[in-house]
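**Student:** The structure file run_36.txt (compact mmCIF, C-alpha atoms) is provided below.
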```txt
# COMPACT_ATOMS: atom_id res chain seq x y z
CA MET A 1 0.00 0.00 0.00
CA ARG A 2 2.80 2.39 0.89
CA PRO A 3 4.58 2.52 -2.49
CA ASP A 4 1.12 3.05 -3.99
CA ILE A 5 0.56 6.15 -1.91
CA LEU A 6 4.03 7.44 -2.77
CA ARG A 7 3.32 6.90 -6.44
CA GLN A 8 0.04 8.82 -6.17
CA ILE A 9 1.84 11.72 -4.49
CA PHE A 10 4.32 11.67 -7.38
CA TYR A 11 1.42 11.73 -9.89
CA PHE A 12 -0.24 14.55 -7.99
CA ALA A 13 3.00 16.54 -8.23
CA ILE A 14 3.23 15.91 -11.97
CA TYR A 15 -0.39 16.43 -12.94
CA VAL A 16 -1.74 19.06 -10.56
CA LEU A 17 1.28 21.05 -9.44
CA LEU A 18 2.61 21.30 -13.00
CA GLN A 19 -0.78 22.60 -14.14
CA LEU A 20 -0.74 25.57 -11.82
CA PRO A 21 2.38 27.56 -12.76
CA VAL A 22 3.20 26.11 -16.18
CA LEU A 23 0.35 24.69 -18.15
CA TYR A 24 -2.16 27.49 -17.79
CA ARG A 25 0.14 29.45 -20.07
CA LEU A 26 -0.33 26.89 -22.82
CA VAL A 27 -3.15 28.05 -25.06
CA LEU A 28 -3.35 26.83 -28.65
CA PHE A 29 -5.23 28.57 -31.48
CA ASP A 30 -6.68 31.10 -29.01
CA SER A 31 -9.25 28.55 -27.83
CA ALA A 32 -7.60 25.31 -26.72
CA PHE A 33 -6.84 25.25 -22.99
CA GLY A 34 -4.96 22.30 -21.52
CA PHE A 35 -6.52 21.20 -18.23
CA PHE A 36 -3.80 18.69 -17.65
CA TYR A 37 -4.61 18.09 -13.98
CA VAL A 38 -7.62 16.00 -15.04
CA GLY A 39 -5.10 13.19 -15.64
CA PHE A 40 -4.59 12.83 -11.89
CA ILE A 41 -8.29 12.07 -11.44
CA LEU A 42 -8.71 9.88 -14.53
CA PHE A 43 -5.67 7.70 -13.83
CA LEU A 44 -6.21 7.23 -10.10
CA PRO A 45 -6.23 3.49 -9.42
CA ARG A 46 -9.57 1.87 -8.67
CA LEU A 47 -9.75 2.28 -4.95
CA GLN A 48 -11.84 0.10 -2.66
CA ASN A 49 -13.22 3.29 -1.23
CA ARG A 50 -14.57 5.52 -3.99
CA MET A 51 -15.13 8.33 -1.51
CA THR A 52 -11.37 8.90 -1.36
CA SER A 53 -11.16 9.53 -5.09
CA LEU A 54 -14.14 11.91 -4.86
CA LEU A 55 -12.42 13.91 -2.14
CA LEU A 56 -9.09 13.96 -4.01
CA ALA A 57 -10.87 15.20 -7.15
CA PHE A 58 -12.67 17.88 -5.16
CA LEU A 59 -9.42 19.10 -3.60
CA SER A 60 -7.41 19.20 -6.83
CA GLY A 61 -10.27 21.02 -8.56
CA LEU A 62 -10.43 23.53 -5.72
CA LEU A 63 -6.67 24.13 -5.95
CA VAL A 64 -6.94 24.92 -9.66
CA ASP A 65 -9.96 27.15 -8.90
CA ILE A 66 -8.01 29.23 -6.42
CA PHE A 67 -5.25 29.82 -8.97
CA SER A 68 -7.59 30.71 -11.80
CA ASN A 69 -10.23 32.71 -9.89
CA THR A 70 -13.03 30.35 -10.89
CA LEU A 71 -14.11 29.31 -7.39
CA GLY A 72 -16.15 26.09 -7.46
CA ILE A 73 -16.16 25.50 -11.22
CA HIS A 74 -13.18 23.15 -11.54
CA ALA A 75 -14.15 21.43 -8.28
CA LEU A 76 -17.66 20.82 -9.66
CA ALA A 77 -16.43 19.35 -12.94
CA SER A 78 -13.74 17.26 -11.24
CA THR A 79 -16.02 15.60 -8.68
CA LEU A 80 -18.49 14.90 -11.49
CA ILE A 81 -15.97 12.94 -13.58
CA ALA A 82 -14.52 11.26 -10.48
CA TYR A 83 -18.03 9.95 -9.75
CA VAL A 84 -18.82 8.66 -13.25
CA ARG A 85 -15.38 7.45 -14.36
CA ILE A 86 -15.47 3.88 -13.00
CA PRO A 87 -19.04 3.12 -14.18
CA TRP A 88 -18.01 4.59 -17.56
CA LEU A 89 -14.86 2.42 -17.71
CA VAL A 90 -16.88 -0.71 -16.91
CA PHE A 91 -19.46 0.28 -19.53
CA THR A 92 -16.88 0.84 -22.29
CA ARG A 93 -15.04 -2.41 -21.55
CA GLY A 94 -18.14 -4.49 -21.13
CA VAL A 95 -16.48 -6.48 -18.34
CA ASP A 96 -15.73 -5.52 -14.75
CA ASP A 97 -12.14 -6.67 -14.22
CA ASP A 98 -11.26 -5.03 -10.95
CA ASP A 99 -7.51 -5.47 -11.06
CA ALA A 100 -6.72 -4.00 -14.46
CA PRO A 101 -4.79 -0.73 -14.09
CA ILE A 102 -6.05 2.26 -16.02
CA SER A 103 -3.23 2.67 -18.53
CA VAL A 104 -2.60 2.54 -22.25
CA PHE A 105 -0.95 -0.89 -21.90
CA ALA A 106 -3.88 -2.48 -20.10
CA LEU A 107 -6.65 -0.89 -22.16
CA GLY A 108 -4.97 -0.45 -25.53
CA LEU A 109 -4.86 2.90 -27.28
CA SER A 110 -8.45 2.74 -28.52
CA GLY A 111 -9.68 1.57 -25.13
CA LEU A 112 -7.87 4.43 -23.41
CA LEU A 113 -9.20 7.03 -25.87
CA LEU A 114 -12.72 5.68 -25.42
CA TYR A 115 -12.32 6.05 -21.66
CA VAL A 116 -10.56 9.42 -21.66
CA ILE A 117 -12.13 11.57 -24.39
CA PRO A 118 -15.83 11.47 -23.32
CA LEU A 119 -14.91 12.16 -19.69
CA ILE A 120 -12.67 15.09 -20.64
CA PHE A 121 -15.41 16.38 -22.93
CA LEU A 122 -17.87 16.24 -20.02
CA HIS A 123 -15.39 17.96 -17.69
CA HIS A 124 -14.57 20.74 -20.16
CA SER A 125 -18.24 21.27 -21.09
CA VAL A 126 -19.11 21.87 -17.44
CA ILE A 127 -16.20 24.28 -17.01
CA PHE A 128 -16.77 26.43 -20.08
CA LEU A 129 -20.58 26.48 -19.86
CA VAL A 130 -20.64 27.36 -16.15
CA GLU A 131 -17.91 29.95 -16.61
CA HIS A 132 -19.73 31.54 -19.54
CA GLY A 133 -22.92 31.46 -17.51
CA SER A 134 -25.33 31.12 -20.43
CA PHE A 135 -25.88 29.45 -23.78
CA SER A 136 -25.29 32.71 -25.65
CA LEU A 137 -22.34 32.62 -28.08
CA PHE A 138 -22.70 28.86 -27.96
CA GLY A 139 -20.52 28.48 -31.07
CA THR A 140 -17.53 30.08 -29.34
CA THR A 141 -18.04 28.00 -26.21
CA LEU A 142 -18.42 24.78 -28.23
CA LYS A 143 -15.24 25.53 -30.16
CA ARG A 144 -13.43 26.06 -26.86
CA ILE A 145 -14.79 22.79 -25.45
CA VAL A 146 -13.91 20.68 -28.51
CA LEU A 147 -10.43 22.10 -29.10
CA SER A 148 -9.56 21.97 -25.38
CA THR A 149 -10.79 18.36 -25.18
CA LEU A 150 -8.48 17.39 -28.06
CA PHE A 151 -5.58 19.30 -26.51
CA THR A 152 -5.98 17.84 -23.02
CA SER A 153 -6.53 14.31 -24.40
CA THR A 154 -3.34 14.49 -26.47
CA LEU A 155 -1.34 15.70 -23.47
CA LEU A 156 -2.78 13.01 -21.21
CA VAL A 157 -2.38 10.05 -23.56
CA THR A 158 1.24 11.07 -24.21
CA THR A 159 1.92 11.39 -20.49
CA ASN A 160 0.25 8.06 -19.86
CA TYR A 161 2.59 6.40 -22.38
CA LEU A 162 5.57 7.86 -20.53
CA LEU A 163 4.40 7.12 -16.99
CA ALA A 164 2.77 3.75 -17.63
CA THR A 165 5.93 2.31 -19.22
CA LYS A 166 7.74 2.95 -15.98
CA ARG A 167 4.99 1.27 -14.09
CA ARG A 168 5.21 -1.93 -16.16
CA ARG A 169 8.88 -2.28 -15.35
CA LEU A 170 8.26 -2.03 -11.61
CA MET B 1 -34.84 3.53 11.23
CA ARG B 2 -32.44 0.64 10.72
CA LYS B 3 -33.46 0.41 7.10
CA LEU B 4 -32.90 4.11 6.64
CA LEU B 5 -29.38 3.86 8.09
CA ASP B 6 -28.66 0.85 5.89
CA PHE B 7 -29.84 2.78 2.85
CA LEU B 8 -27.67 5.78 3.72
CA TYR B 9 -24.64 3.56 4.31
CA LYS B 10 -25.14 1.71 1.04
CA HIS B 11 -25.36 4.95 -0.94
CA ARG B 12 -22.73 6.89 1.00
CA THR B 13 -20.56 7.46 -2.07
CA THR B 14 -23.47 8.96 -3.98
CA GLY B 15 -24.34 10.97 -0.88
CA LEU B 16 -20.83 12.40 -0.65
CA PHE B 17 -20.88 13.11 -4.37
CA LEU B 18 -24.13 15.07 -4.11
CA LEU B 19 -22.88 16.92 -1.05
CA LEU B 20 -19.68 17.98 -2.85
CA GLN B 21 -21.67 19.10 -5.90
CA VAL B 22 -23.94 21.20 -3.71
CA ILE B 23 -20.90 22.77 -2.00
CA CYS B 24 -19.38 23.61 -5.43
CA ILE B 25 -22.61 25.17 -6.73
CA TRP B 26 -22.94 27.16 -3.52
CA MET B 27 -19.35 28.40 -3.94
CA ILE B 28 -20.00 29.40 -7.55
CA PHE B 29 -23.07 31.43 -6.62
CA SER B 30 -21.61 33.08 -3.55
CA SER B 31 -18.09 33.65 -4.85
CA ASP B 32 -18.33 37.36 -4.01
CA ARG B 33 -18.47 36.55 -0.33
CA PHE B 34 -15.43 34.29 -0.64
CA TYR B 35 -13.45 36.97 -2.41
CA ASN B 36 -13.60 39.16 0.66
CA ALA B 37 -11.68 36.49 2.52
CA ALA B 38 -8.81 36.94 0.00
CA PHE B 39 -7.81 33.31 0.42
CA PHE B 40 -9.96 31.60 -2.21
CA ASN B 41 -8.47 33.52 -5.13
CA SER B 42 -5.19 34.03 -6.92
CA SER B 43 -4.08 36.79 -4.55
CA ASN B 44 -3.44 34.43 -1.62
CA ALA B 45 0.19 34.13 -0.52
CA VAL B 46 0.92 30.63 -1.86
CA SER B 47 -0.75 31.08 -5.22
CA GLY B 48 0.83 34.51 -5.61
CA SER B 49 4.35 33.28 -4.85
CA VAL B 50 4.06 30.36 -7.28
CA SER B 51 2.77 32.64 -10.04
CA LEU B 52 5.49 35.19 -9.32
CA MET B 53 8.17 32.50 -9.62
CA SER B 54 6.74 31.18 -12.86
CA GLN B 55 6.33 34.68 -14.29
CA ASN B 56 9.90 35.61 -13.36
CA THR B 57 11.15 32.63 -15.35
CA VAL B 58 9.07 33.58 -18.38
CA THR B 59 9.92 37.29 -18.29
CA TYR B 60 13.60 36.44 -18.27
CA PHE B 61 13.20 35.25 -21.85
CA GLU B 62 11.08 38.22 -22.86
CA LEU B 63 13.29 40.98 -21.50
CA GLY B 64 14.05 42.42 -24.94
CA GLU B 65 10.41 42.92 -25.90
CA GLU B 66 9.58 44.22 -22.47
CA ASN B 67 12.37 46.80 -22.69
CA GLN B 68 11.02 48.07 -25.95
CA ARG B 69 7.48 48.41 -24.59
CA LEU B 70 8.71 50.22 -21.51
CA ALA B 71 10.78 52.58 -23.66
CA GLN B 72 7.69 53.40 -25.74
CA GLU B 73 5.67 54.00 -22.61
CA ASN B 74 8.45 56.15 -21.24
CA ALA B 75 8.34 58.33 -24.34
CA TYR B 76 4.58 58.65 -24.03
CA LEU B 77 4.82 59.60 -20.35
CA ARG B 78 7.51 62.19 -21.07
CA GLN B 79 5.17 63.72 -23.58
CA LEU B 80 2.40 63.83 -20.97
CA LEU B 81 4.80 65.30 -18.46
CA SER B 82 5.73 68.20 -20.70
CA LYS B 83 2.03 68.82 -21.27
CA ALA B 84 1.39 68.66 -17.52
CA ALA B 85 4.17 71.14 -16.85
CA TYR B 86 2.57 73.42 -19.43
CA ASP B 87 -0.82 73.02 -17.71
CA TYR B 88 0.76 73.76 -14.37
CA PHE B 89 2.09 77.12 -15.53
CA THR B 90 -0.96 78.13 -17.52
CA HIS B 91 -3.89 76.86 -15.42
CA SER B 92 -2.50 76.18 -11.99
CA GLU B 93 -5.98 75.55 -10.50
CA ILE B 94 -6.01 72.15 -12.25
CA ASP B 95 -3.25 71.04 -9.91
CA THR B 96 -5.62 70.17 -7.05
CA VAL B 97 -7.53 67.86 -9.40
CA ARG B 98 -4.32 66.14 -10.48
CA SER B 99 -2.98 65.48 -7.01
CA GLN B 100 -6.08 63.47 -6.07
CA PHE B 101 -4.45 60.39 -7.54
CA GLU B 102 -1.63 58.24 -6.32
CA ILE B 103 -0.12 55.59 -8.60
CA ILE B 104 1.07 52.16 -7.42
CA THR B 105 3.07 50.14 -9.99
CA GLY B 106 2.45 46.40 -10.10
CA LYS B 107 3.94 43.54 -12.08
CA VAL B 108 1.44 41.24 -13.80
CA ILE B 109 2.22 37.70 -12.62
CA ASN B 110 -0.83 35.80 -13.81
CA LYS B 111 -3.50 36.67 -16.34
CA THR B 112 -6.15 35.24 -18.60
CA TYR B 113 -7.67 37.06 -21.54
CA ARG B 114 -9.24 34.40 -23.72
CA ARG B 115 -11.79 33.07 -21.21
CA SER B 116 -15.35 34.27 -20.65
CA ARG B 117 -14.45 35.97 -17.37
CA ASN B 118 -10.89 37.15 -17.12
CA TYR B 119 -8.71 38.11 -14.18
CA LEU B 120 -5.16 39.30 -13.58
CA THR B 121 -2.92 38.91 -10.57
CA LEU B 122 -0.49 41.68 -9.65
CA ALA B 123 2.49 41.41 -7.32
CA VAL B 124 1.41 44.35 -5.14
CA GLY B 125 -0.93 44.18 -2.18
CA LYS B 126 -2.23 45.78 0.98
CA ARG B 127 1.30 46.58 2.15
CA ASP B 128 1.69 48.81 -0.89
CA GLY B 129 -1.65 50.47 -0.22
CA VAL B 130 -3.84 48.48 -2.62
CA GLN B 131 -7.47 48.05 -1.64
CA ALA B 132 -10.42 46.33 -3.28
CA GLY B 133 -12.31 48.62 -5.66
CA MET B 134 -9.37 50.67 -6.94
CA ALA B 135 -8.90 51.33 -10.66
CA VAL B 136 -6.14 49.64 -12.64
CA VAL B 137 -4.72 51.29 -15.78
CA SER B 138 -1.67 50.94 -18.00
CA GLY B 139 0.20 53.31 -20.26
CA GLN B 140 -2.11 52.23 -23.10
CA GLY B 141 -5.44 52.41 -21.30
CA VAL B 142 -7.91 50.98 -18.81
CA VAL B 143 -7.07 47.50 -17.46
CA GLY B 144 -9.65 46.74 -14.77
CA ARG B 145 -10.52 47.02 -11.12
CA VAL B 146 -9.05 45.49 -7.95
CA ARG B 147 -11.27 42.68 -6.72
CA ALA B 148 -9.32 41.46 -3.70
CA SER B 149 -5.90 41.89 -2.21
CA SER B 150 -3.70 40.09 0.29
CA ASP B 151 -0.55 41.51 1.89
CA ASN B 152 1.59 41.18 -1.23
CA PHE B 153 -0.73 40.26 -4.13
CA SER B 154 -3.98 41.46 -5.66
CA THR B 155 -6.57 39.94 -7.95
CA ILE B 156 -7.85 42.29 -10.66
CA THR B 157 -11.14 41.90 -12.48
CA SER B 158 -10.03 42.53 -16.06
CA ILE B 159 -11.90 44.88 -18.39
CA LEU B 160 -12.38 41.59 -20.28
CA ASN B 161 -14.98 40.51 -17.77
CA PRO B 162 -18.71 41.19 -18.29
CA ASN B 163 -19.07 42.07 -14.58
CA ILE B 164 -17.25 45.34 -15.18
CA MET B 165 -18.82 48.43 -16.73
CA ILE B 166 -16.80 51.58 -17.23
CA SER B 167 -18.23 55.03 -17.65
CA GLY B 168 -16.72 56.58 -20.77
CA GLN B 169 -16.86 59.72 -22.82
CA VAL B 170 -16.51 60.09 -26.58
CA LYS B 171 -13.81 62.69 -27.14
CA SER B 172 -15.21 64.33 -30.27
CA SER B 173 -18.70 65.02 -28.90
CA GLY B 174 -18.29 64.73 -25.12
CA THR B 175 -21.16 62.19 -25.03
CA LEU B 176 -21.24 59.84 -22.07
CA CYS B 177 -21.32 56.13 -22.73
CA THR B 178 -20.65 52.80 -21.05
CA ALA B 179 -17.96 50.30 -22.03
CA GLN B 180 -18.56 46.63 -21.38
CA TRP B 181 -16.99 43.46 -22.76
CA ASP B 182 -19.23 41.23 -24.85
CA ARG B 183 -17.16 38.04 -24.25
CA ARG B 184 -16.25 37.70 -27.92
CA ASP B 185 -12.79 39.02 -28.78
CA TYR B 186 -10.16 40.14 -26.29
CA ARG B 187 -9.21 43.13 -28.45
CA TYR B 188 -12.66 44.78 -28.50
CA VAL B 189 -15.27 46.11 -26.08
CA THR B 190 -18.84 47.19 -26.76
CA ILE B 191 -19.68 50.86 -26.29
CA ASN B 192 -23.28 51.28 -25.15
CA PHE B 193 -25.80 54.10 -24.70
CA ILE B 194 -24.62 56.63 -27.27
CA PRO B 195 -27.93 58.25 -28.36
CA ARG B 196 -28.71 58.29 -32.08
CA HIS B 197 -28.76 62.06 -32.53
CA ILE B 198 -25.03 62.31 -31.71
CA PRO B 199 -22.70 61.97 -34.70
CA LEU B 200 -20.38 59.01 -34.20
CA VAL B 201 -17.82 57.76 -36.67
CA LYS B 202 -15.16 55.11 -36.87
CA GLY B 203 -11.93 56.42 -35.38
CA ASP B 204 -13.47 58.43 -32.51
CA THR B 205 -11.65 57.87 -29.23
CA VAL B 206 -13.38 56.91 -25.99
CA PHE B 207 -11.85 57.97 -22.68
CA THR B 208 -12.97 57.39 -19.09
CA SER B 209 -15.38 60.10 -17.98
CA GLY B 210 -14.16 60.46 -14.40
CA PHE B 211 -17.81 60.65 -13.33
CA ASN B 212 -17.35 58.02 -10.66
CA ALA B 213 -14.93 57.76 -7.79
CA VAL B 214 -13.04 54.82 -9.32
CA PHE B 215 -11.41 55.75 -12.60
CA PRO B 216 -9.54 59.00 -13.07
CA PRO B 217 -10.77 61.05 -16.05
CA ASP B 218 -9.16 60.95 -19.52
CA VAL B 219 -7.71 57.46 -19.43
CA MET B 220 -7.93 55.82 -22.84
CA ILE B 221 -10.54 53.07 -23.21
CA GLY B 222 -10.35 52.49 -26.95
CA VAL B 223 -10.91 53.68 -30.49
CA ILE B 224 -14.30 53.18 -32.18
CA ASP B 225 -13.82 50.44 -34.72
CA SER B 226 -17.30 49.76 -36.06
CA VAL B 227 -20.63 51.53 -35.70
CA SER B 228 -24.16 50.56 -36.68
CA LEU B 229 -27.56 52.12 -36.15
CA THR B 230 -30.82 50.27 -36.71
CA ASP B 231 -34.15 52.07 -37.23
CA GLU B 232 -35.82 50.86 -34.06
CA ASN B 233 -32.89 51.31 -31.68
CA PRO B 234 -32.55 54.58 -29.74
CA PHE B 235 -28.81 53.96 -29.26
CA TYR B 236 -25.89 53.16 -31.50
CA TRP B 237 -24.33 49.75 -31.47
CA ALA B 238 -20.60 50.46 -31.41
CA ARG B 239 -17.45 48.49 -30.86
CA ALA B 240 -14.11 49.92 -29.78
CA GLU B 241 -10.66 48.47 -30.17
CA LEU B 242 -9.12 48.45 -26.69
CA GLY B 243 -6.18 50.73 -26.05
CA VAL B 244 -4.55 48.13 -23.83
CA ASP B 245 -3.25 44.91 -25.35
CA MET B 246 -3.95 42.27 -22.70
CA ALA B 247 -1.79 39.73 -24.49
CA THR B 248 1.41 41.70 -23.89
CA LEU B 249 0.58 43.50 -20.64
CA ASP B 250 3.48 43.16 -18.17
CA TYR B 251 3.02 46.07 -15.80
CA ALA B 252 -0.08 47.88 -14.63
CA TYR B 253 -0.71 50.89 -12.43
CA ILE B 254 -3.19 50.89 -9.59
CA VAL B 255 -4.80 54.28 -9.10
CA LYS B 256 -5.55 55.30 -5.56
CA GLN B 257 -8.03 58.16 -5.36
CA GLU B 258 -7.23 60.20 -2.30
CA LEU B 259 -10.61 61.88 -2.35
CA ALA B 260 -12.70 58.77 -3.08
CA PRO B 261 -14.27 58.54 0.42
CA GLU B 262 -15.18 62.22 0.30
CA ILE B 263 -16.76 61.94 -3.16
CA ASP B 264 -18.64 58.82 -2.12
CA SER B 265 -20.04 60.33 1.06
CA LEU B 266 -21.08 63.51 -0.78
CA GLN B 267 -22.86 61.51 -3.46
CA SER B 268 -24.65 59.20 -1.03
CA ALA B 269 -25.76 62.24 0.99
CA ALA B 270 -27.14 63.82 -2.19
CA ILE B 271 -28.97 60.61 -3.09
CA GLU B 272 -30.51 60.38 0.37
CA GLU B 273 -31.88 63.90 0.05
CA LEU B 274 -33.71 63.03 -3.15
```
Mind turning this structure into structure tokens?
**Tutor:**
Amino acid sequence: MRPDILRQIFYFAIYVLLQLPVLYRLVLFDSAFGFFYVGFILFLPRLQNRMTSLLLAFLSGLLVDIFSNTLGIHALASTLIAYVRIPWLVFTRGVDDDDAPISVFALGLSGLLLYVIPLIFLHHSVIFLVEHGSFSLFGTTLKRIVLSTLFTSTLLVTTNYLLATKRRRL
Amino acid sequence: MRKLLDFLYKHRTTGLFLLLQVICIWMIFSSDRFYNAAFFNSSNAVSGSVSLMSQNTVTYFELGEENQRLAQENAYLRQLLSKAAYDYFTHSEIDTVRSQFEIITGKVINKTYRRSRNYLTLAVGKRDGVQAGMAVVSGQGVVGRVRASSDNFSTITSILNPNIMISGQVKSSGTLCTAQWDRRDYRYVTINFIPRHIPLVKGDTVFTSGFNAVFPPDVMIGVIDSVSLTDENPFYWARAELGVDMATLDYAYIVKQELAPEIDSLQSAAIEEL
């Protein structure tokens, strides 16, 4: 259990703490924002106690909120995907194999994309719609959501390749 | 009772989930109250220090550009200074109006300008005399308003935030108007409430009116970029290109109005009499 906790602290440092000072500066094509910290929530191992992952998601969302002056918005979106991610994973795989780690090597690239992209889309939709506060200028908001989803997904799948290789060797 | 407890225990994860969602929604709707605490925003000490560190690293690579911008601004300010000296000798009564304002220079350490509601963080705070509600300007024009400040950092509501409305004045005609961002493009703001009988053309400049206790008068807002007038509308629809370029903004000036409390109390007294 102990190395597991250490590894999660390491992931938290990579995903969440790197987001705050560095990755908010990364904006592509004026509309694509990389919310890289979502990776910490999506790649948390399947814990016996799902309440822990809910609380971790809430806290990392709140941390990002404080940095970006969007109090409550990131926390809302993060707890939402933390709640639906395991049911969604089971649904996309069709089988409930408890032990399989959530990584590109266990799920395959297509399996990982199928798991990651809809959840990121949901997360980003909540963020941009709540922040905008209305459905006016829906085209602009939709463009932001779609481009940001692609951007974040690319970042996360790449990172997962890098981090999950290490994990297989352990 | 037993069954109820069993039910609650069985669905405790869902219960926690709903509780957290309710907390988040409550925070979103009452964020103004949280801002007064100055902890739950980018001006708190930890967030400010991290942003400052990150910004210092980035600015190191942009020193050349920054130098050039500062040199331009310097030239502009020198020009103003010579004009001010002229004013001082010719109409010395203006001097009391001028000395109402004190300027606090702040480095921009964190900013957004492409979101629907944008904020900046400056590396100056209460210790430097910054207080919530003060105006923020730059050499090129209006930047925003202080929303919250801690000892060393402040969060600024950018002019690129629909919560902010700025009282302006068209230079050519002296007409009052209101500038507000329409959440579309970070280079433009909408100019509202210019009545249709006033002539308004592309290229007119809009300055702050100084008719409130926040912004000093004659600070550039923008230049009218497109104008349209429909038959049924009593006001123009107009868009102005912002004087300030949020994308390259490195330094901003916080304007402290020495007489703000006096103006405020006079105005509220006048309103009470009505």
**Student:** Should the cut-off be 9 Å, what would the residue list for chain B against chain A look like, counting all atoms listed in the file, as a PyMOL selection string?
**Tutor:** chain B and resi 12-14+16-17+20-29+31+34+39-44+47-48+50-55+110-112+114-119+155+183-184
**Student:** Between atom CA of Val95 of chain A and atom CA of Phe40 of chain A, what is the spacing in Å?
**Tutor:** 23.6 Å
**Student:** How many Å lie between atom CA of Ser167 of chain B and atom CA of Gly210 of chain B, rounded to one decimal?
**Tutor:**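 That distance, rounded to one decimal, is 7.5 Å.
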**Student:** Please compute the atom CA of Asp264 of chain B-atom CA of Ala213 of chain B distance, one decimal, in Å.
**Tutor:** 6.9 Å
**Student:** Choose the residue, out of B:Leu249, B:Glu262, B:Glu273, B:Phe211, that has the smallest atom-to-atom separation from Glu66 of chain B; count all atoms listed in the file.
**Tutor:**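 Closest to Glu66 of chain B, using all atoms listed in the file: B:Leu249.
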**Student:** Is there a way to get, as a list of chain:residue names, all residues within 10 Å of the point (-19.1, 5.3, -26.6) in file coordinates, counting all atoms listed in the file?
**Tutor:** A:Trp88, A:Phe91, A:Thr92, A:Leu114, A:Tyr115, A:Ile117, A:Pro118
**Student:** For the residues in that selection, give me C-alpha atoms as a PDB file, in the coordinates of the input.
**Tutor:**
```pdb
ATOM      1  CA  TRP A  88     -18.010   4.590 -17.560  1.00  0.00           C
ATOM      2  CA  PHE A  91     -19.460   0.280 -19.530  1.00  0.00           C
ATOM      3  CA  THR A  92     -16.880   0.840 -22.290  1.00  0.00           C
ATOM      4  CA  LEU A 114     -12.720   5.680 -25.420  1.00  0.00           C
ATOM      5  CA  TYR A 115     -12.320   6.050 -21.660  1.00  0.00           C
ATOM      6  CA  ILE A 117     -12.130  11.570 -24.390  1.00  0.00           C
ATOM      7  CA  PRO A 118     -15.830  11.470 -23.320  1.00  0.00           C
TER       8      PRO A 118
END
```
**Student:** Provide segment 80-94 of chain A rebuilt to N, CA and C atoms, formatted as a PDB file, in the coordinates of the input.
**Tutor:**
```
ATOM      1  N   LEU A  80     -17.551  15.554 -10.570  1.00  0.00           N
ATOM      2  CA  LEU A  80     -18.490  14.900 -11.490  1.00  0.00           C
ATOM      3  C   LEU A  80     -17.799  13.769 -12.245  1.00  0.00           C
ATOM      4  N   ILE A  81     -16.615  14.030 -12.835  1.00  0.00           N
ATOM      5  CA  ILE A  81     -15.970  12.940 -13.580  1.00  0.00           C
ATOM      6  C   ILE A  81     -15.403  11.877 -12.656  1.00  0.00           C
ATOM      7  N   ALA A  82     -15.011  12.271 -11.422  1.00  0.00           N
ATOM      8  CA  ALA A  82     -14.520  11.260 -10.480  1.00  0.00           C
ATOM      9  C   ALA A  82     -15.648  10.289 -10.129  1.00  0.00           C
ATOM     10  N   TYR A  83     -16.880  10.800 -10.093  1.00  0.00           N
ATOM     11  CA  TYR A  83     -18.030   9.950  -9.750  1.00  0.00           C
ATOM     12  C   TYR A  83     -18.399   9.005 -10.897  1.00  0.00           C
ATOM     13  N   VAL A  84     -18.342   9.488 -12.133  1.00  0.00           N
ATOM     14  CA  VAL A  84     -18.820   8.660 -13.250  1.00  0.00           C
ATOM     15  C   VAL A  84     -17.717   7.841 -13.920  1.00  0.00           C
ATOM     16  N   ARG A  85     -16.446   8.056 -13.548  1.00  0.00           N
ATOM     17  CA  ARG A  85     -15.380   7.450 -14.360  1.00  0.00           C
ATOM     18  C   ARG A  85     -15.367   5.924 -14.306  1.00  0.00           C
ATOM     19  N   ILE A  86     -15.532   5.335 -13.083  1.00  0.00           N
ATOM     20  CA  ILE A  86     -15.470   3.880 -13.000  1.00  0.00           C
ATOM     21  C   ILE A  86     -16.670   3.217 -13.687  1.00  0.00           C
ATOM     22  N   PRO A  87     -17.915   3.665 -13.412  1.00  0.00           N
ATOM     23  CA  PRO A  87     -19.040   3.120 -14.180  1.00  0.00           C
ATOM     24  C   PRO A  87     -18.818   3.261 -15.693  1.00  0.00           C
ATOM     25  N   TRP A  88     -18.250   4.377 -16.128  1.00  0.00           N
ATOM     26  CA  TRP A  88     -18.010   4.590 -17.560  1.00  0.00           C
ATOM     27  C   TRP A  88     -16.958   3.607 -18.086  1.00  0.00           C
ATOM     28  N   LEU A  89     -15.910   3.368 -17.299  1.00  0.00           N
ATOM     29  CA  LEU A  89     -14.860   2.420 -17.710  1.00  0.00           C
ATOM     30  C   LEU A  89     -15.444   1.026 -17.856  1.00  0.00           C
ATOM     31  N   VAL A  90     -16.260   0.619 -16.867  1.00  0.00           N
ATOM     32  CA  VAL A  90     -16.880  -0.710 -16.910  1.00  0.00           C
ATOM     33  C   VAL A  90     -17.797  -0.808 -18.124  1.00  0.00           C
ATOM     34  N   PHE A  91     -18.530   0.270 -18.393  1.00  0.00           N
ATOM     35  CA  PHE A  91     -19.460   0.280 -19.530  1.00  0.00           C
ATOM     36  C   PHE A  91     -18.712   0.139 -20.851  1.00  0.00           C
ATOM     37  N   THR A  92     -17.582   0.898 -21.007  1.00  0.00           N
ATOM     38  CA  THR A  92     -16.880   0.840 -22.290  1.00  0.00           C
ATOM     39  C   THR A  92     -16.184  -0.494 -22.494  1.00  0.00           C
ATOM     40  N   ARG A  93     -15.748  -1.142 -21.408  1.00  0.00           N
ATOM     41  CA  ARG A  93     -15.040  -2.410 -21.550  1.00  0.00           C
ATOM     42  C   ARG A  93     -15.976  -3.590 -21.597  1.00  0.00           C
ATOM     43  N   GLY A  94     -17.174  -3.410 -21.088  1.00  0.00           N
ATOM     44  CA  GLY A  94     -18.140  -4.490 -21.130  1.00  0.00           C
ATOM     45  C   GLY A  94     -17.936  -5.509 -20.028  1.00  0.00           C
TER      46      GLY A  94
END
```
